[in-house]
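So this block is run.cif, mmCIF, C-alpha atoms:
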```cif
data_query
loop_
_atom_site.label_atom_id
_atom_site.label_comp_id
_atom_site.auth_asym_id
_atom_site.auth_seq_id
_atom_site.Cartn_x
_atom_site.Cartn_y
_atom_site.Cartn_z
CA MET A 1 -14.46 -7.13 -12.05
CA THR A 2 -18.01 -7.93 -13.05
CA GLN A 3 -19.82 -6.01 -15.70
CA ALA A 4 -22.80 -6.46 -17.99
CA SER A 5 -22.18 -4.52 -21.14
CA SER A 6 -23.40 -4.81 -24.68
CA LEU A 7 -20.93 -5.23 -27.50
CA PRO A 8 -21.35 -3.64 -30.94
CA THR A 9 -23.69 -5.79 -33.03
CA ARG A 10 -22.15 -7.24 -36.20
CA THR A 11 -24.10 -8.03 -39.36
CA PHE A 12 -22.93 -10.63 -41.86
CA THR A 13 -24.43 -11.50 -45.23
CA ILE A 14 -24.50 -15.17 -46.20
CA THR A 15 -24.70 -16.15 -49.88
CA ARG A 16 -24.79 -19.52 -51.66
CA ALA A 17 -21.22 -18.84 -52.84
CA ASP A 18 -20.16 -18.52 -49.18
CA LEU A 19 -21.65 -21.95 -48.48
CA VAL A 20 -19.70 -23.48 -51.38
CA ARG A 21 -16.49 -21.93 -50.04
CA TYR A 22 -17.26 -23.04 -46.50
CA ALA A 23 -18.01 -26.61 -47.62
CA ALA A 24 -14.59 -26.82 -49.26
CA ALA A 25 -12.80 -25.22 -46.30
CA SER A 26 -14.51 -27.28 -43.61
CA GLY A 27 -15.01 -30.63 -45.35
CA ASP A 28 -18.80 -30.56 -44.76
CA HIS A 29 -20.22 -31.41 -48.16
CA ASN A 30 -23.75 -32.14 -47.02
CA PRO A 31 -25.88 -31.35 -50.12
CA ILE A 32 -28.62 -29.70 -47.99
CA HIS A 33 -26.27 -26.69 -48.01
CA GLN A 34 -25.99 -26.62 -51.81
CA ASP A 35 -28.93 -28.29 -53.48
CA GLU A 36 -32.51 -27.01 -53.19
CA ASP A 37 -34.07 -30.35 -54.23
CA VAL A 38 -32.11 -32.40 -51.70
CA ALA A 39 -32.89 -29.88 -48.94
CA ARG A 40 -36.62 -30.02 -49.70
CA SER A 41 -36.56 -33.83 -49.96
CA VAL A 42 -35.66 -34.04 -46.25
CA GLY A 43 -38.29 -31.49 -45.25
CA LEU A 44 -36.19 -28.34 -45.09
CA PRO A 45 -37.62 -25.04 -46.42
CA GLY A 46 -34.72 -24.66 -48.89
CA VAL A 47 -30.94 -24.54 -48.94
CA ILE A 48 -29.76 -23.78 -45.41
CA ALA A 49 -26.45 -22.45 -44.15
CA HIS A 50 -24.20 -24.88 -42.32
CA GLY A 51 -24.90 -24.38 -38.63
CA MET A 52 -21.14 -24.33 -38.26
CA TYR A 53 -20.93 -21.47 -40.75
CA THR A 54 -23.25 -19.33 -38.63
CA MET A 55 -21.25 -20.40 -35.58
CA ALA A 56 -18.00 -19.43 -37.37
CA LEU A 57 -19.43 -15.95 -38.03
CA ALA A 58 -20.40 -15.68 -34.36
CA ALA A 59 -16.82 -16.67 -33.46
CA ARG A 60 -15.56 -14.01 -35.84
CA ALA A 61 -17.58 -11.38 -33.95
CA VAL A 62 -16.16 -12.62 -30.63
CA SER A 63 -12.60 -12.42 -31.97
CA GLU A 64 -13.26 -8.86 -33.18
CA TRP A 65 -14.69 -7.87 -29.79
CA PHE A 66 -11.80 -9.46 -27.90
CA PRO A 67 -8.75 -9.39 -30.17
CA GLY A 68 -5.76 -11.41 -29.04
CA THR A 69 -7.70 -13.51 -26.53
CA GLU A 70 -7.77 -17.28 -26.39
CA THR A 71 -11.11 -19.06 -26.53
CA VAL A 72 -11.64 -21.47 -23.64
CA SER A 73 -15.04 -22.77 -24.62
CA PHE A 74 -17.68 -22.08 -27.24
CA GLY A 75 -21.00 -23.77 -27.83
CA CYS A 76 -24.55 -23.42 -29.07
CA LYS A 77 -27.60 -25.27 -30.29
CA PHE A 78 -28.84 -24.87 -33.84
CA THR A 79 -32.46 -24.01 -33.20
CA ASN A 80 -33.66 -22.55 -36.49
CA PRO A 81 -32.28 -22.96 -39.98
CA VAL A 82 -30.81 -20.00 -41.87
CA VAL A 83 -32.39 -20.27 -45.32
CA VAL A 84 -30.09 -18.88 -48.01
CA PRO A 85 -31.77 -17.75 -51.26
CA ALA A 86 -30.27 -18.62 -54.66
CA GLU A 87 -29.96 -14.93 -55.53
CA GLY A 88 -28.53 -12.28 -53.24
CA GLY A 89 -28.10 -13.39 -49.67
CA VAL A 90 -29.49 -13.31 -46.19
CA ASP A 91 -28.26 -11.24 -43.26
CA ILE A 92 -27.55 -12.54 -39.80
CA GLU A 93 -26.99 -10.29 -36.79
CA VAL A 94 -24.57 -11.22 -34.04
CA ALA A 95 -25.13 -9.37 -30.77
CA GLY A 96 -23.17 -9.98 -27.60
CA GLU A 97 -23.19 -9.11 -23.97
CA VAL A 98 -20.45 -9.57 -21.40
CA LYS A 99 -22.01 -11.62 -18.64
CA ASP A 100 -19.07 -12.01 -16.36
CA SER A 101 -15.42 -11.12 -16.24
CA ALA A 102 -13.32 -12.54 -13.44
CA GLU A 103 -9.89 -14.06 -12.96
CA GLY A 104 -8.95 -13.38 -16.56
CA LEU A 105 -11.98 -15.17 -18.00
CA THR A 106 -14.72 -13.28 -19.84
CA THR A 107 -18.07 -14.93 -20.50
CA VAL A 108 -19.96 -13.63 -23.52
CA ALA A 109 -23.61 -14.44 -24.16
CA LEU A 110 -24.48 -14.06 -27.82
CA THR A 111 -27.76 -13.52 -29.62
CA VAL A 112 -27.69 -14.54 -33.26
CA THR A 113 -30.73 -13.71 -35.35
CA CYS A 114 -31.87 -13.96 -38.95
CA GLU A 115 -34.85 -11.85 -40.00
CA GLY A 116 -35.64 -11.21 -36.35
CA GLN A 117 -35.65 -14.87 -35.34
CA LYS A 118 -33.02 -16.48 -33.13
CA VAL A 119 -31.10 -19.12 -35.07
CA LEU A 120 -28.65 -20.26 -32.38
CA GLY A 121 -29.76 -21.54 -28.98
CA MET A 122 -27.90 -20.01 -26.04
CA PRO A 123 -24.61 -19.38 -27.85
CA LYS A 124 -21.92 -18.70 -25.26
CA ALA A 125 -18.19 -18.14 -25.47
CA VAL A 126 -15.60 -17.92 -22.72
CA VAL A 127 -12.35 -16.15 -23.58
CA ARG A 128 -9.13 -15.74 -21.61
CA GLY A 129 -6.70 -12.85 -21.67
CA MET B 130 -34.39 -47.08 -40.37
CA PRO B 131 -33.45 -46.26 -36.76
CA VAL B 132 -29.81 -46.20 -35.85
CA ASP B 133 -28.60 -49.25 -33.91
CA GLN B 134 -28.90 -48.64 -30.14
CA SER B 135 -25.81 -50.73 -29.41
CA LEU B 136 -23.71 -47.89 -30.84
CA VAL B 137 -23.80 -45.98 -27.56
CA GLY B 138 -20.36 -46.01 -25.97
CA ARG B 139 -18.65 -47.21 -29.10
CA VAL B 140 -15.27 -45.60 -29.82
CA PHE B 141 -14.37 -45.29 -33.49
CA PRO B 142 -10.79 -45.56 -34.77
CA PRO B 143 -8.75 -42.32 -34.70
CA THR B 144 -8.78 -40.33 -37.93
CA ARG B 145 -5.66 -40.22 -40.05
CA PRO B 146 -3.22 -37.56 -38.76
CA TYR B 147 -4.08 -34.17 -40.24
CA ALA B 148 -1.31 -31.60 -40.64
CA VAL B 149 -2.64 -28.08 -40.09
CA THR B 150 -1.21 -25.75 -42.74
CA GLU B 151 -1.32 -21.97 -43.00
CA GLU B 152 -3.10 -22.46 -46.31
CA ALA B 153 -5.88 -24.52 -44.70
CA VAL B 154 -6.37 -21.92 -41.95
CA ARG B 155 -6.29 -19.07 -44.50
CA THR B 156 -8.93 -20.84 -46.61
CA PHE B 157 -11.12 -21.43 -43.56
CA VAL B 158 -10.82 -17.79 -42.43
CA ALA B 159 -11.48 -16.53 -45.97
CA ALA B 160 -14.68 -18.61 -46.10
CA THR B 161 -16.01 -16.44 -43.25
CA GLY B 162 -15.14 -13.29 -45.21
CA ASP B 163 -12.13 -12.47 -43.05
CA GLU B 164 -8.40 -12.32 -43.67
CA TYR B 165 -5.90 -14.57 -41.88
CA ALA B 166 -3.07 -12.58 -40.33
CA GLY B 167 -1.13 -15.55 -38.92
CA GLY B 168 -1.30 -17.06 -35.46
CA PRO B 169 -3.92 -19.40 -34.03
CA ALA B 170 -6.73 -20.88 -36.11
CA PRO B 171 -10.26 -19.59 -35.45
CA ALA B 172 -12.34 -21.10 -32.65
CA THR B 173 -14.47 -23.29 -34.91
CA PHE B 174 -11.54 -24.65 -36.96
CA PRO B 175 -11.45 -27.94 -34.97
CA ILE B 176 -14.67 -28.83 -36.78
CA VAL B 177 -12.44 -29.84 -39.72
CA LEU B 178 -11.10 -32.67 -37.55
CA ALA B 179 -14.48 -33.43 -36.03
CA PHE B 180 -16.11 -33.68 -39.48
CA ASP B 181 -13.46 -36.10 -40.59
CA ALA B 182 -14.35 -38.31 -37.63
CA MET B 183 -18.11 -37.81 -38.12
CA ASN B 184 -17.92 -38.65 -41.83
CA ALA B 185 -16.07 -41.89 -41.03
CA PHE B 186 -18.70 -42.72 -38.39
CA LEU B 187 -21.62 -42.02 -40.75
CA ALA B 188 -20.00 -44.07 -43.52
CA ALA B 189 -19.34 -46.97 -41.14
CA GLU B 190 -22.99 -46.97 -40.06
CA ALA B 191 -24.31 -46.41 -43.61
CA ILE B 192 -26.08 -43.21 -42.51
CA GLU B 193 -26.80 -40.87 -45.41
CA LEU B 194 -25.22 -37.45 -44.88
CA HIS B 195 -28.10 -35.55 -46.48
CA ARG B 196 -30.43 -36.87 -43.75
CA ILE B 197 -28.26 -35.31 -41.05
CA VAL B 198 -28.97 -31.89 -39.58
CA HIS B 199 -26.70 -30.38 -36.97
CA GLY B 200 -28.42 -29.95 -33.60
CA GLU B 201 -25.71 -28.71 -31.28
CA GLN B 202 -21.94 -28.18 -31.13
CA ARG B 203 -19.70 -27.46 -28.15
CA PHE B 204 -15.95 -26.95 -27.97
CA ALA B 205 -13.72 -27.03 -24.91
CA TYR B 206 -10.19 -25.94 -25.76
CA GLU B 207 -6.98 -26.91 -24.00
CA ARG B 208 -4.97 -24.66 -26.28
CA PRO B 209 -5.40 -22.90 -29.64
CA ILE B 210 -4.66 -24.82 -32.84
CA VAL B 211 -1.74 -23.42 -34.82
CA PRO B 212 -0.26 -24.23 -38.24
CA GLY B 213 2.25 -27.04 -37.85
CA ASP B 214 0.01 -29.04 -35.52
CA VAL B 215 -0.55 -32.65 -36.52
CA LEU B 216 -3.95 -33.64 -35.17
CA THR B 217 -6.13 -36.72 -34.84
CA ALA B 218 -9.77 -36.98 -33.79
CA THR B 219 -11.27 -39.94 -31.95
CA LEU B 220 -15.06 -40.11 -31.92
CA THR B 221 -17.22 -41.75 -29.27
CA VAL B 222 -20.98 -42.17 -29.61
CA SER B 223 -22.18 -40.75 -26.31
CA SER B 224 -25.96 -40.96 -26.61
CA LEU B 225 -28.78 -42.03 -28.87
CA ARG B 226 -32.48 -41.17 -28.62
CA GLN B 227 -35.44 -41.42 -30.97
CA ILE B 228 -37.81 -38.46 -31.11
CA ALA B 229 -40.67 -38.21 -33.61
CA GLY B 230 -39.06 -40.58 -36.08
CA ASN B 231 -35.67 -38.88 -35.90
CA ASP B 232 -32.50 -40.28 -34.32
CA ILE B 233 -30.76 -37.81 -32.03
CA ILE B 234 -27.12 -38.92 -32.02
CA GLY B 235 -24.70 -37.50 -29.46
CA THR B 236 -21.01 -37.71 -30.30
CA THR B 237 -17.83 -36.56 -28.61
CA SER B 238 -14.57 -36.14 -30.48
CA GLU B 239 -11.27 -35.76 -28.68
CA ILE B 240 -8.69 -33.97 -30.78
CA THR B 241 -5.12 -34.75 -29.83
CA ASP B 242 -1.74 -33.62 -31.15
CA ASP B 243 1.16 -35.85 -32.22
CA SER B 244 2.45 -36.01 -28.64
CA GLY B 245 -0.93 -37.44 -27.60
CA ALA B 246 -1.91 -34.30 -25.67
CA LEU B 247 -5.54 -33.23 -25.76
CA VAL B 248 -6.01 -30.02 -27.79
CA CYS B 249 -9.78 -29.77 -27.93
CA SER B 250 -12.75 -31.83 -26.91
CA THR B 251 -15.85 -31.22 -28.97
CA SER B 252 -19.34 -32.62 -28.76
CA ALA B 253 -21.91 -32.68 -31.53
CA THR B 254 -25.56 -33.55 -31.61
CA LEU B 255 -26.60 -34.89 -34.99
CA VAL B 256 -30.24 -35.15 -35.94
CA HIS B 257 -30.83 -38.03 -38.35
CA ARG B 258 -34.09 -37.28 -40.11
CA GLY B 259 -36.22 -40.35 -40.71
CA ALA B 260 -36.99 -41.50 -44.22
CA ALA B 261 -40.76 -41.02 -43.80
CA SER B 262 -40.81 -37.62 -45.53
#
```
Starting from the file, lay out its structure as structure tokens.
Amino acid sequence: MTQASSLPTRTFTITRADLVRYAAASGDHNPIHQDEDVARSVGLPGVIAHGMYTMALAARAVSEWFPGTETVSFGCKFTNPVVVPAEGGVDIEVAGEVKDSAEGLTTVALTVTCEGQKVLGMPKAVVRG
Amino acid sequence: MPVDQSLVGRVFPPTRPYAVTEEAVRTFVAATGDEYAGGPAPATFPIVLAFDAMNAFLAAEAIELHRIVHGEQRFAYERPIVPGDVLTATLTVSSLRQIAGNDIIGTTSEITDDSGALVCSTSATLVHRGAAS
């Protein structure tokens, strides 16, 4: 079976508090995800989300689209930073399209954007089951 | 200061065994705003092991963490990670390039269980931003 079908787009809001929680849960305590001054000192526009946090949200969308499946592979580039303001938060949109489904493996091409700009480069997941 | 070119191909010592607990998986899932209902850990959970290995590598090479930006991450899974697994990551420096004053460091971490079986192989590209800024 081969099909190209769009999956329901998911929107997630990322706040500074989320980044603090994610740092503790993942062990990535890079201060560019917490401290405005450090982020700017290395040329970033402000505090940015962990690339892996955005990737984790993309994985969450995949697991909601394909509950009970096993992930075979998952990868992306981090092409644009997700800048997270001190107050409120920023939204990211995770869209997906089934590219191929054969022999029990489903390939999903994702599009992850923040304020209309792609933040992940060619995110792709392959799930089984 | 550029990263030493002789690092390419170097294999770093395995990380200390890490016991995956339900609590650790629940905390990780909660950080993405979701609720853990038991079963396998989420797809990006192996980053916990990979970070452990990357932190040890950066410390060994005296690379400052705040100068690192993540460029790329790929996971290839042999099986899902579940609570009760005892895992170790072994990092290899796979490539090193200099572009516009930044070091582009390619790493691969093999995550194995306590029987020695491969659970997940994950590659990361780390961008080490030069001190010029």
Distance cut-off 8 Å, counting all atoms listed in the file - which residues of chain A neighbour chain B? Return them as a PyMOL selection string. chain A and resi 18+21-22+25-28+30-32+38-39+41-43+51-53+55-57+59-60+70-79
Keeping only C-alpha atoms, take the residues you just selected and write them out as a short mmCIF file (atom, residue, chain, number, x, y, z; two decimals), keeping the file's coordinate frame.
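selection-v8.cif was written with the following content:
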```
data_model
loop_
_atom_site.label_atom_id
_atom_site.label_comp_id
_atom_site.auth_asym_id
_atom_site.auth_seq_id
_atom_site.Cartn_x
_atom_site.Cartn_y
_atom_site.Cartn_z
CA ASP A 18 -20.16 -18.52 -49.18
CA ARG A 21 -16.49 -21.93 -50.04
CA TYR A 22 -17.26 -23.04 -46.50
CA ALA A 25 -12.80 -25.22 -46.30
CA SER A 26 -14.51 -27.28 -43.61
CA GLY A 27 -15.01 -30.63 -45.35
CA ASP A 28 -18.80 -30.56 -44.76
CA ASN A 30 -23.75 -32.14 -47.02
CA PRO A 31 -25.88 -31.35 -50.12
CA ILE A 32 -28.62 -29.70 -47.99
CA VAL A 38 -32.11 -32.40 -51.70
CA ALA A 39 -32.89 -29.88 -48.94
CA SER A 41 -36.56 -33.83 -49.96
CA VAL A 42 -35.66 -34.04 -46.25
CA GLY A 43 -38.29 -31.49 -45.25
CA GLY A 51 -24.90 -24.38 -38.63
CA MET A 52 -21.14 -24.33 -38.26
CA TYR A 53 -20.93 -21.47 -40.75
CA MET A 55 -21.25 -20.40 -35.58
CA ALA A 56 -18.00 -19.43 -37.37
CA LEU A 57 -19.43 -15.95 -38.03
CA ALA A 59 -16.82 -16.67 -33.46
CA ARG A 60 -15.56 -14.01 -35.84
CA GLU A 70 -7.77 -17.28 -26.39
CA THR A 71 -11.11 -19.06 -26.53
CA VAL A 72 -11.64 -21.47 -23.64
CA SER A 73 -15.04 -22.77 -24.62
CA PHE A 74 -17.68 -22.08 -27.24
CA GLY A 75 -21.00 -23.77 -27.83
CA CYS A 76 -24.55 -23.42 -29.07
CA LYS A 77 -27.60 -25.27 -30.29
CA PHE A 78 -28.84 -24.87 -33.84
CA THR A 79 -32.46 -24.01 -33.20
#
```
Could you give me, as a PDB file with C-alpha atoms, keeping the file's coordinate frame, the residues that have an atom at most 7 Å away from the point (-23.9, -9.3, -22.8) in the coordinates of the file, using all atoms listed in the file?
```pdb
ATOM      1  CA  ALA A   4     -22.800  -6.460 -17.990  1.00  0.00           C
ATOM      2  CA  SER A   5     -22.180  -4.520 -21.140  1.00  0.00           C
ATOM      3  CA  SER A   6     -23.400  -4.810 -24.680  1.00  0.00           C
ATOM      4  CA  LEU A   7     -20.930  -5.230 -27.500  1.00  0.00           C
ATOM      5  CA  GLY A  96     -23.170  -9.980 -27.600  1.00  0.00           C
ATOM      6  CA  GLU A  97     -23.190  -9.110 -23.970  1.00  0.00           C
ATOM      7  CA  VAL A  98     -20.450  -9.570 -21.400  1.00  0.00           C
ATOM      8  CA  LYS A  99     -22.010 -11.620 -18.640  1.00  0.00           C
ATOM      9  CA  VAL A 108     -19.960 -13.630 -23.520  1.00  0.00           C
ATOM     10  CA  ALA A 109     -23.610 -14.440 -24.160  1.00  0.00           C
ATOM     11  CA  LEU A 110     -24.480 -14.060 -27.820  1.00  0.00           C
TER      12      LEU A 110
END
```
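Residues with any atom within 7 Å of the point (-7.9, -38.3, -31.7), counting only C-alpha atoms, are Pro143, Thr144, Thr217, Ala218, Thr219, Glu239, Ile240 and Thr241 of chain B.
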For Pro85 in chain A, please output as a list in words all residues within 8 Å (counting all atoms listed in the file; exclusion window: fewer than 5 positions along the same chain).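 My reading of the contact set: Thr15, Arg16, Gly46, Val47 and Val90 of chain A.
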Which of these residues is nearest to Leu247 in chain B, using all atoms listed in the file: B:Ile228, B:Ile210, B:Ala182, B:Ile234?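 Ranking B:Ile228, B:Ile210, B:Ala182, B:Ile234 by distance to Leu247 in chain B, first place goes to B:Ile210.
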State, in Å with one decimal place, the distance from CA of Gly138 in chain B to CA of Ala191 in chain B.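 Taking CA of Gly138 in chain B as the start and CA of Ala191 in chain B as the end point, the length is 18.1 Å.
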So the first atom is CA of Met122 in chain A and the second is CA of Arg40 in chain A; what is the distance between them in Å, to one decimal place?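 Taking CA of Met122 in chain A as the start and CA of Arg40 in chain A as the end point, the length is 27.1 Å.
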Give me, please, the distance in Å between CA of Asp35 in chain A and CA of Val20 in chain A, quoted to one decimal. 10.6 Å
Considering only C-alpha atoms, return as an NGL selection string whatever protein or nucleic-acid residues lie within 7 Å of Asn80 in chain A, sequence-local ones (same chain, fewer than 6 positions apart) excluded. :A and (118-120)
What residues come out when you apply the PyMOL selection byres ((chain B and resi 220) around 6) to this file, written as a list in words?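 For this structure, the PyMOL selection byres ((chain B and resi 220) around 6) captures Val140, Phe141, Thr219, Thr221, Thr237 and Ser238 of chain B.
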Could the residues in this selection be written to a file with C-alpha atoms, as a PDB file, in the coordinates of the input?
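File again_21.pdb, as written:
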```pdb
ATOM      1  CA  VAL B 140     -15.270 -45.600 -29.820  1.00  0.00           C
ATOM      2  CA  PHE B 141     -14.370 -45.290 -33.490  1.00  0.00           C
ATOM      3  CA  THR B 219     -11.270 -39.940 -31.950  1.00  0.00           C
ATOM      4  CA  THR B 221     -17.220 -41.750 -29.270  1.00  0.00           C
ATOM      5  CA  THR B 237     -17.830 -36.560 -28.610  1.00  0.00           C
ATOM      6  CA  SER B 238     -14.570 -36.140 -30.480  1.00  0.00           C
TER       7      SER B 238
END
```
Selection result for the PyMOL selection byres ((chain A and resi 95) around 7) on this file, as a VMD selection string: chain A and resid 7 to 10 93 to 94 96 110 to 112
Just need the box for range 196-206 of chain B, edges along x, y and z, holding every atom the file lists for it with 4 Å tacked onto each side, so centre and edge lengths in Å to one decimal, as lines of an AutoDock Vina configuration file.
```
center_x = -20.3
center_y = -31.4
center_z = -34.3
size_x = 28.2
size_y = 18.9
size_z = 26.8
```
Quick one: residues within 8 Å of Thr107 in chain A, only C-alpha atoms counted, chain neighbours fewer than 2 positions away excluded, as number ranges by chain? A: 98-101, 105, 109, 124-127
For this file, the PyMOL selection byres ((chain B and resi 133) around 12) selects which residues, as JSON, numbers by chain? {"B": [130, 131, 132, 134, 135, 136, 137, 138, 139, 189, 190, 191, 192, 222, 224, 225, 226, 227, 232, 233, 234]}
Keeping C-alpha atoms for every residue in the selection just given, could you write it to a file as a PDB file, in the frame of the given file?
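Final file, again_15.pdb:
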```pdb
ATOM      1  CA  MET B 130     -34.390 -47.080 -40.370  1.00  0.00           C
ATOM      2  CA  PRO B 131     -33.450 -46.260 -36.760  1.00  0.00           C
ATOM      3  CA  VAL B 132     -29.810 -46.200 -35.850  1.00  0.00           C
ATOM      4  CA  GLN B 134     -28.900 -48.640 -30.140  1.00  0.00           C
ATOM      5  CA  SER B 135     -25.810 -50.730 -29.410  1.00  0.00           C
ATOM      6  CA  LEU B 136     -23.710 -47.890 -30.840  1.00  0.00           C
ATOM      7  CA  VAL B 137     -23.800 -45.980 -27.560  1.00  0.00           C
ATOM      8  CA  GLY B 138     -20.360 -46.010 -25.970  1.00  0.00           C
ATOM      9  CA  ARG B 139     -18.650 -47.210 -29.100  1.00  0.00           C
ATOM     10  CA  ALA B 189     -19.340 -46.970 -41.140  1.00  0.00           C
ATOM     11  CA  GLU B 190     -22.990 -46.970 -40.060  1.00  0.00           C
ATOM     12  CA  ALA B 191     -24.310 -46.410 -43.610  1.00  0.00           C
ATOM     13  CA  ILE B 192     -26.080 -43.210 -42.510  1.00  0.00           C
ATOM     14  CA  VAL B 222     -20.980 -42.170 -29.610  1.00  0.00           C
ATOM     15  CA  SER B 224     -25.960 -40.960 -26.610  1.00  0.00           C
ATOM     16  CA  LEU B 225     -28.780 -42.030 -28.870  1.00  0.00           C
ATOM     17  CA  ARG B 226     -32.480 -41.170 -28.620  1.00  0.00           C
ATOM     18  CA  GLN B 227     -35.440 -41.420 -30.970  1.00  0.00           C
ATOM     19  CA  ASP B 232     -32.500 -40.280 -34.320  1.00  0.00           C
ATOM     20  CA  ILE B 233     -30.760 -37.810 -32.030  1.00  0.00           C
ATOM     21  CA  ILE B 234     -27.120 -38.920 -32.020  1.00  0.00           C
TER      22      ILE B 234
END
```
Which residue out of A:Leu19, A:Val62, A:Ile14, A:Ala49 has the minimum interatomic distance to Asp91 in chain A when all atoms listed in the file are used?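 Among the listed residues, A:Ile14 lies closest to Asp91 in chain A.
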With the input short on atoms, add N, CA and C atoms back to range 150-164 of chain B and write it as a compact mmCIF listing (two decimals), in the coordinates of the input.
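Result saved to rebuild-v3.txt:
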```txt
# COMPACT_ATOMS: atom_id res chain seq x y z
N THR B 150 -2.09 -26.65 -41.97
CA THR B 150 -1.21 -25.75 -42.74
C THR B 150 -1.76 -24.33 -42.67
N GLU B 151 -0.88 -23.37 -42.93
CA GLU B 151 -1.32 -21.97 -43.00
C GLU B 151 -2.37 -21.81 -44.09
N GLU B 152 -2.17 -22.55 -45.18
CA GLU B 152 -3.10 -22.46 -46.31
C GLU B 152 -4.51 -22.92 -45.90
N ALA B 153 -4.57 -24.01 -45.14
CA ALA B 153 -5.88 -24.52 -44.70
C ALA B 153 -6.57 -23.51 -43.78
N VAL B 154 -5.78 -22.90 -42.88
CA VAL B 154 -6.37 -21.92 -41.95
C VAL B 154 -6.79 -20.68 -42.74
N ARG B 155 -5.96 -20.25 -43.69
CA ARG B 155 -6.29 -19.07 -44.50
C ARG B 155 -7.60 -19.30 -45.27
N THR B 156 -7.73 -20.51 -45.84
CA THR B 156 -8.93 -20.84 -46.61
C THR B 156 -10.16 -20.84 -45.72
N PHE B 157 -10.01 -21.37 -44.51
CA PHE B 157 -11.12 -21.43 -43.56
C PHE B 157 -11.54 -20.01 -43.15
N VAL B 158 -10.54 -19.18 -42.84
CA VAL B 158 -10.82 -17.79 -42.43
C VAL B 158 -11.47 -17.03 -43.59
N ALA B 159 -10.95 -17.23 -44.79
CA ALA B 159 -11.48 -16.53 -45.97
C ALA B 159 -12.94 -16.92 -46.22
N ALA B 160 -13.30 -18.15 -45.90
CA ALA B 160 -14.68 -18.61 -46.10
C ALA B 160 -15.65 -17.85 -45.20
N THR B 161 -15.15 -17.27 -44.11
CA THR B 161 -16.01 -16.44 -43.25
C THR B 161 -15.87 -14.96 -43.60
N GLY B 162 -15.24 -14.67 -44.74
CA GLY B 162 -15.14 -13.29 -45.21
C GLY B 162 -14.05 -12.49 -44.51
N ASP B 163 -13.18 -13.17 -43.79
CA ASP B 163 -12.13 -12.47 -43.05
C ASP B 163 -10.78 -12.77 -43.68
N GLU B 164 -9.74 -12.12 -43.14
CA GLU B 164 -8.40 -12.32 -43.67
C GLU B 164 -7.51 -12.88 -42.56
```
